[in-house]
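K.L.:
Compact mmCIF, N, CA and C atoms, saved as model13.txt, coming up:
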```txt
# COMPACT_ATOMS: atom_id res chain seq x y z
N MET A 21 21.22 -5.72 2.32
CA MET A 21 19.86 -5.32 1.98
C MET A 21 19.92 -4.41 0.75
N ASP A 22 18.99 -4.63 -0.13
CA ASP A 22 18.88 -3.81 -1.33
C ASP A 22 18.45 -2.41 -0.92
N LYS A 23 19.23 -1.40 -1.29
CA LYS A 23 18.90 -0.02 -0.93
C LYS A 23 18.30 0.70 -2.12
N PRO A 24 17.44 1.69 -1.88
CA PRO A 24 16.89 2.46 -2.99
C PRO A 24 17.99 3.27 -3.67
N ARG A 25 17.85 3.43 -4.96
CA ARG A 25 18.80 4.25 -5.71
C ARG A 25 18.56 5.72 -5.37
N ALA A 26 19.54 6.54 -5.61
CA ALA A 26 19.46 7.96 -5.24
C ALA A 26 18.25 8.65 -5.88
N TYR A 27 17.84 8.21 -7.07
CA TYR A 27 16.74 8.88 -7.76
C TYR A 27 15.37 8.33 -7.36
N GLU A 28 15.32 7.26 -6.59
CA GLU A 28 14.05 6.69 -6.18
C GLU A 28 13.57 7.33 -4.87
N LYS A 29 12.33 7.68 -4.85
CA LYS A 29 11.76 8.29 -3.66
C LYS A 29 11.05 7.23 -2.83
N VAL A 30 11.33 7.22 -1.56
CA VAL A 30 10.66 6.31 -0.64
C VAL A 30 9.55 7.09 0.06
N SER A 31 8.35 6.53 0.06
CA SER A 31 7.18 7.15 0.65
C SER A 31 6.47 6.13 1.53
N GLN A 32 5.50 6.61 2.30
CA GLN A 32 4.74 5.73 3.17
C GLN A 32 3.28 5.69 2.74
N ILE A 33 2.69 4.49 2.75
CA ILE A 33 1.27 4.34 2.47
C ILE A 33 0.52 4.84 3.71
N THR A 34 -0.42 5.76 3.48
CA THR A 34 -1.15 6.36 4.60
C THR A 34 -2.65 6.09 4.48
N LEU A 35 -3.36 6.39 5.55
CA LEU A 35 -4.81 6.23 5.58
C LEU A 35 -5.48 7.17 4.59
N PRO A 36 -6.72 6.87 4.22
CA PRO A 36 -7.46 7.74 3.28
C PRO A 36 -7.68 9.14 3.84
N ASP A 37 -7.99 10.04 2.95
CA ASP A 37 -8.38 11.39 3.33
C ASP A 37 -9.63 11.27 4.21
N PRO A 38 -9.66 11.92 5.36
CA PRO A 38 -10.82 11.82 6.25
C PRO A 38 -12.14 12.25 5.59
N SER A 39 -12.07 13.07 4.57
CA SER A 39 -13.30 13.50 3.90
C SER A 39 -13.79 12.49 2.86
N ASP A 40 -13.03 11.42 2.61
CA ASP A 40 -13.42 10.39 1.65
C ASP A 40 -14.49 9.51 2.31
N GLN A 41 -15.72 9.67 1.90
CA GLN A 41 -16.85 8.95 2.50
C GLN A 41 -17.21 7.67 1.76
N ASP A 42 -16.41 7.30 0.78
CA ASP A 42 -16.65 6.06 0.03
C ASP A 42 -16.52 4.87 0.98
N PRO A 43 -17.36 3.84 0.84
CA PRO A 43 -17.22 2.67 1.71
C PRO A 43 -15.88 1.95 1.50
N HIS A 44 -15.25 2.19 0.36
CA HIS A 44 -13.95 1.62 0.04
C HIS A 44 -12.98 2.77 -0.30
N PRO A 45 -12.60 3.55 0.72
CA PRO A 45 -11.76 4.73 0.47
C PRO A 45 -10.37 4.34 0.02
N ARG A 46 -9.76 5.21 -0.80
CA ARG A 46 -8.43 4.92 -1.34
C ARG A 46 -7.35 5.30 -0.33
N LEU A 47 -6.43 4.37 -0.12
CA LEU A 47 -5.22 4.68 0.65
C LEU A 47 -4.42 5.69 -0.15
N ARG A 48 -3.44 6.35 0.49
CA ARG A 48 -2.68 7.39 -0.20
C ARG A 48 -1.17 7.16 -0.13
N VAL A 49 -0.50 7.62 -1.14
CA VAL A 49 0.96 7.71 -1.18
C VAL A 49 1.28 9.11 -1.69
N ASN A 50 1.98 9.89 -0.88
CA ASN A 50 2.29 11.28 -1.24
C ASN A 50 1.04 12.09 -1.55
N GLY A 51 -0.06 11.80 -0.84
CA GLY A 51 -1.30 12.54 -1.04
C GLY A 51 -2.12 12.09 -2.22
N ARG A 52 -1.64 11.14 -3.00
CA ARG A 52 -2.35 10.64 -4.18
C ARG A 52 -3.05 9.34 -3.82
N GLY A 53 -4.29 9.20 -4.23
CA GLY A 53 -5.06 7.98 -3.95
C GLY A 53 -4.54 6.80 -4.74
N ILE A 54 -4.47 5.67 -4.09
CA ILE A 54 -4.03 4.42 -4.72
C ILE A 54 -5.24 3.74 -5.34
N HIS A 55 -5.05 3.11 -6.47
CA HIS A 55 -6.11 2.35 -7.13
C HIS A 55 -5.88 0.86 -6.90
N ALA A 56 -6.97 0.11 -6.80
CA ALA A 56 -6.85 -1.34 -6.67
C ALA A 56 -6.05 -1.88 -7.86
N GLY A 57 -5.16 -2.80 -7.58
CA GLY A 57 -4.33 -3.40 -8.62
C GLY A 57 -2.97 -2.73 -8.79
N GLU A 58 -2.74 -1.61 -8.07
CA GLU A 58 -1.44 -0.94 -8.17
C GLU A 58 -0.37 -1.76 -7.48
N SER A 59 0.82 -1.73 -8.05
CA SER A 59 1.96 -2.45 -7.50
C SER A 59 3.00 -1.48 -6.97
N PHE A 60 3.67 -1.90 -5.93
CA PHE A 60 4.73 -1.12 -5.29
C PHE A 60 5.85 -2.06 -4.89
N THR A 61 7.01 -1.50 -4.66
CA THR A 61 8.09 -2.23 -4.03
C THR A 61 8.09 -1.76 -2.59
N ALA A 62 7.80 -2.67 -1.67
CA ALA A 62 7.61 -2.32 -0.26
C ALA A 62 8.74 -2.88 0.60
N LEU A 63 9.06 -2.12 1.66
CA LEU A 63 10.12 -2.53 2.57
C LEU A 63 9.56 -3.39 3.70
N PHE A 64 10.10 -4.59 3.82
CA PHE A 64 9.76 -5.54 4.87
C PHE A 64 11.03 -5.81 5.66
N PRO A 65 10.93 -6.44 6.83
CA PRO A 65 12.12 -6.68 7.64
C PRO A 65 13.25 -7.41 6.89
N ASP A 66 12.89 -8.24 5.92
CA ASP A 66 13.92 -8.98 5.18
C ASP A 66 14.31 -8.32 3.86
N GLY A 67 13.85 -7.10 3.60
CA GLY A 67 14.24 -6.38 2.39
C GLY A 67 13.04 -5.91 1.58
N TRP A 68 13.31 -5.48 0.35
CA TRP A 68 12.29 -4.94 -0.54
C TRP A 68 11.62 -6.07 -1.31
N HIS A 69 10.28 -5.99 -1.41
CA HIS A 69 9.49 -6.98 -2.14
C HIS A 69 8.44 -6.28 -2.97
N ASP A 70 8.18 -6.80 -4.16
CA ASP A 70 7.12 -6.28 -5.00
C ASP A 70 5.78 -6.80 -4.49
N VAL A 71 4.83 -5.90 -4.29
CA VAL A 71 3.50 -6.28 -3.82
C VAL A 71 2.45 -5.56 -4.65
N THR A 72 1.28 -6.15 -4.69
CA THR A 72 0.13 -5.55 -5.37
C THR A 72 -0.97 -5.38 -4.34
N LEU A 73 -1.60 -4.21 -4.35
CA LEU A 73 -2.68 -3.92 -3.41
C LEU A 73 -4.03 -4.09 -4.08
N GLU A 74 -4.94 -4.72 -3.36
CA GLU A 74 -6.28 -4.97 -3.86
C GLU A 74 -7.30 -4.55 -2.80
N VAL A 75 -8.56 -4.51 -3.20
CA VAL A 75 -9.67 -4.14 -2.31
C VAL A 75 -10.62 -5.32 -2.18
N CYS A 76 -11.00 -5.62 -0.94
CA CYS A 76 -12.00 -6.63 -0.65
C CYS A 76 -13.35 -5.91 -0.57
N TRP A 77 -14.27 -6.24 -1.45
CA TRP A 77 -15.54 -5.52 -1.51
C TRP A 77 -16.48 -5.87 -0.38
N ASP A 78 -16.18 -6.94 0.37
CA ASP A 78 -17.03 -7.35 1.49
C ASP A 78 -16.70 -6.62 2.79
N VAL A 79 -15.65 -5.80 2.78
CA VAL A 79 -15.21 -5.08 3.96
C VAL A 79 -15.27 -3.59 3.66
N ALA A 80 -15.72 -2.78 4.60
CA ALA A 80 -15.80 -1.33 4.40
C ALA A 80 -14.67 -0.63 5.15
N GLY A 81 -14.38 0.59 4.73
CA GLY A 81 -13.35 1.39 5.38
C GLY A 81 -11.95 1.00 4.93
N PRO A 82 -10.93 1.60 5.51
CA PRO A 82 -9.55 1.35 5.10
C PRO A 82 -9.13 -0.12 5.23
N ALA A 83 -9.82 -0.88 6.08
CA ALA A 83 -9.49 -2.30 6.26
C ALA A 83 -9.81 -3.13 5.02
N CYS A 84 -10.47 -2.53 4.03
CA CYS A 84 -10.79 -3.27 2.80
C CYS A 84 -9.54 -3.55 1.96
N TRP A 85 -8.44 -2.84 2.24
CA TRP A 85 -7.20 -2.99 1.46
C TRP A 85 -6.38 -4.17 1.96
N TYR A 86 -5.81 -4.91 1.02
CA TYR A 86 -4.95 -6.03 1.38
C TYR A 86 -3.87 -6.22 0.31
N ILE A 87 -2.84 -6.97 0.67
CA ILE A 87 -1.76 -7.31 -0.27
C ILE A 87 -2.12 -8.65 -0.88
N SER A 88 -2.18 -8.72 -2.20
CA SER A 88 -2.65 -9.94 -2.87
C SER A 88 -1.55 -10.97 -3.11
N ASN A 89 -0.30 -10.62 -2.88
CA ASN A 89 0.80 -11.56 -3.12
C ASN A 89 0.85 -12.64 -2.04
N ALA A 90 1.11 -13.87 -2.47
CA ALA A 90 1.25 -14.98 -1.53
C ALA A 90 2.36 -14.67 -0.53
N GLY A 91 2.13 -15.02 0.72
CA GLY A 91 3.11 -14.79 1.77
C GLY A 91 2.99 -13.44 2.44
N PHE A 92 2.19 -12.54 1.88
CA PHE A 92 2.02 -11.21 2.46
C PHE A 92 0.55 -10.91 2.78
N SER A 93 -0.30 -11.90 2.65
CA SER A 93 -1.74 -11.67 2.77
C SER A 93 -2.18 -11.20 4.16
N GLY A 94 -1.46 -11.52 5.21
CA GLY A 94 -1.86 -11.11 6.54
C GLY A 94 -1.27 -9.79 6.99
N ILE A 95 -0.60 -9.08 6.10
CA ILE A 95 0.08 -7.83 6.44
C ILE A 95 -0.75 -6.65 5.96
N CYS A 96 -1.02 -5.72 6.86
CA CYS A 96 -1.76 -4.51 6.51
C CYS A 96 -0.86 -3.58 5.70
N PRO A 97 -1.33 -3.07 4.56
CA PRO A 97 -0.48 -2.20 3.76
C PRO A 97 -0.32 -0.78 4.33
N VAL A 98 -1.20 -0.38 5.25
CA VAL A 98 -1.11 0.97 5.83
C VAL A 98 0.18 1.06 6.65
N GLY A 99 0.97 2.08 6.35
CA GLY A 99 2.22 2.30 7.06
C GLY A 99 3.44 1.74 6.37
N LEU A 100 3.25 0.94 5.33
CA LEU A 100 4.39 0.38 4.62
C LEU A 100 5.18 1.50 3.91
N PHE A 101 6.49 1.35 3.91
CA PHE A 101 7.33 2.25 3.13
C PHE A 101 7.48 1.62 1.75
N VAL A 102 7.25 2.42 0.72
CA VAL A 102 7.28 1.92 -0.66
C VAL A 102 8.12 2.82 -1.55
N ARG A 103 8.55 2.25 -2.63
CA ARG A 103 9.23 3.02 -3.68
C ARG A 103 8.64 2.57 -5.01
N ARG A 104 8.80 3.44 -5.99
CA ARG A 104 8.26 3.13 -7.33
C ARG A 104 9.33 3.27 -8.35
```
Please re-express this file's structure in structure tokens.
P.N.:
Amino acid sequence: MDKPRAYEKVSQITLPDPSDQDPHPRLRVNGRGIHAGESFTALFPDGWHDVTLEVCWDVAGPACWYISNAGFSGICPVGLFVRR
């Protein structure tokens, strides 16, 4: 399995700040809000994969976030371990 280099920080995608009242609240990595279209290298059972996160405007709340890459569309990005 491809391991992160010593200088790369591994973080977890977390739920939005509870005070974020936007119908499409931003998920967070290290306390920083993620923007639609951002890419990460995420850890999956078979190793690290590059993924891009997008927002579905027809869904409200944290569930509006999804992975736009083929083969990962049914996986929730919340809780994923990522590196940049």
K.L.:
Determine, counting only C-alpha atoms, which protein, DNA and RNA residues have an atom within 7 Å of an atom of Ile33 (chain A); residues of the same chain fewer than 3 positions away are not included. Present the result as a tab-separated table (two decimals) with N, CA and C atoms, in the coordinates of the input.
P.N.:
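The result, written out as part-v2.tsv:
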```tsv
chain	number	residue	atom	x	y	z
A	47	LEU	N	-6.43	4.37	-0.12
A	47	LEU	CA	-5.22	4.68	0.65
A	47	LEU	C	-4.42	5.69	-0.15
A	48	ARG	N	-3.44	6.35	0.49
A	48	ARG	CA	-2.68	7.39	-0.20
A	48	ARG	C	-1.17	7.16	-0.13
A	49	VAL	N	-0.50	7.62	-1.14
A	49	VAL	CA	0.96	7.71	-1.18
A	49	VAL	C	1.28	9.11	-1.69
A	97	PRO	N	-1.33	-3.07	4.56
A	97	PRO	CA	-0.48	-2.20	3.76
A	97	PRO	C	-0.32	-0.78	4.33
A	98	VAL	N	-1.20	-0.38	5.25
A	98	VAL	CA	-1.11	0.97	5.83
A	98	VAL	C	0.18	1.06	6.65
A	99	GLY	N	0.97	2.08	6.35
A	99	GLY	CA	2.22	2.30	7.06
A	99	GLY	C	3.44	1.74	6.37
A	100	LEU	N	3.25	0.94	5.33
A	100	LEU	CA	4.39	0.38	4.62
A	100	LEU	C	5.18	1.50	3.91
A	101	PHE	N	6.49	1.35	3.91
A	101	PHE	CA	7.33	2.25	3.13
A	101	PHE	C	7.48	1.62	1.75
```
K.L.:
Step by step: start from the point (2.9, 1.5, -10.4) in the file's coordinates, keep every protein, DNA or RNA residue that has an atom no farther than 12 Å from it, count only C-alpha atoms, and write the set as a PyMOL selection string.
P.N.:
chain A and resi 49+54-62+70-73+102-104
K.L.:
From the options A:Ser88, A:Pro82, A:Cys76, A:Phe64, which residue's atoms come nearest to Leu35 (chain A), counting only N, CA and C atoms?
P.N.:
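Nearest to Leu35 (chain A): A:Pro82.
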K.L.:
Using only C-alpha atoms for the distances, tell me which of A:Trp68, A:Ala83, A:Asp78, A:Gln32 is nearest to Ile95 (chain A).
P.N.:
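Checking each of A:Trp68, A:Ala83, A:Asp78, A:Gln32 against Ile95 (chain A), counting only C-alpha atoms, the winner is A:Ala83.
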K.L.:
Quick one, how far is CA of Ala80 (chain A) from CA of Pro65 (chain A)?
P.N.:
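Value for the CA of Ala80 (chain A)-CA of Pro65 (chain A) distance: 28.6 Å.
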K.L.:
Mind listing the strand (DSSP E or B) residues of chain A, per DSSP on the backbone, as a ChimeraX atom specification?
P.N.:
/A:30-34,48-49,52-53,59-64,67-75,85-87,101-103
K.L.:
For a test of reading the model, state the distance in Å between CA of Ser93 (chain A) and CA of Asp42 (chain A), rounded to one decimal.
P.N.:
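Separating CA of Ser93 (chain A) from CA of Asp42 (chain A) is a distance of 23.3 Å.
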K.L.:
One number please: CA of Pro38 (chain A) to CA of Tyr86 (chain A), in Å, one decimal.
P.N.:
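It comes out at 19.4 Å.
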K.L.:
Pick out the closest residue to Gly51 (chain A) from this set: A:Leu63, A:Thr34, A:Ile87, A:Val79. Count all atoms listed in the file.
P.N.:
A:Thr34
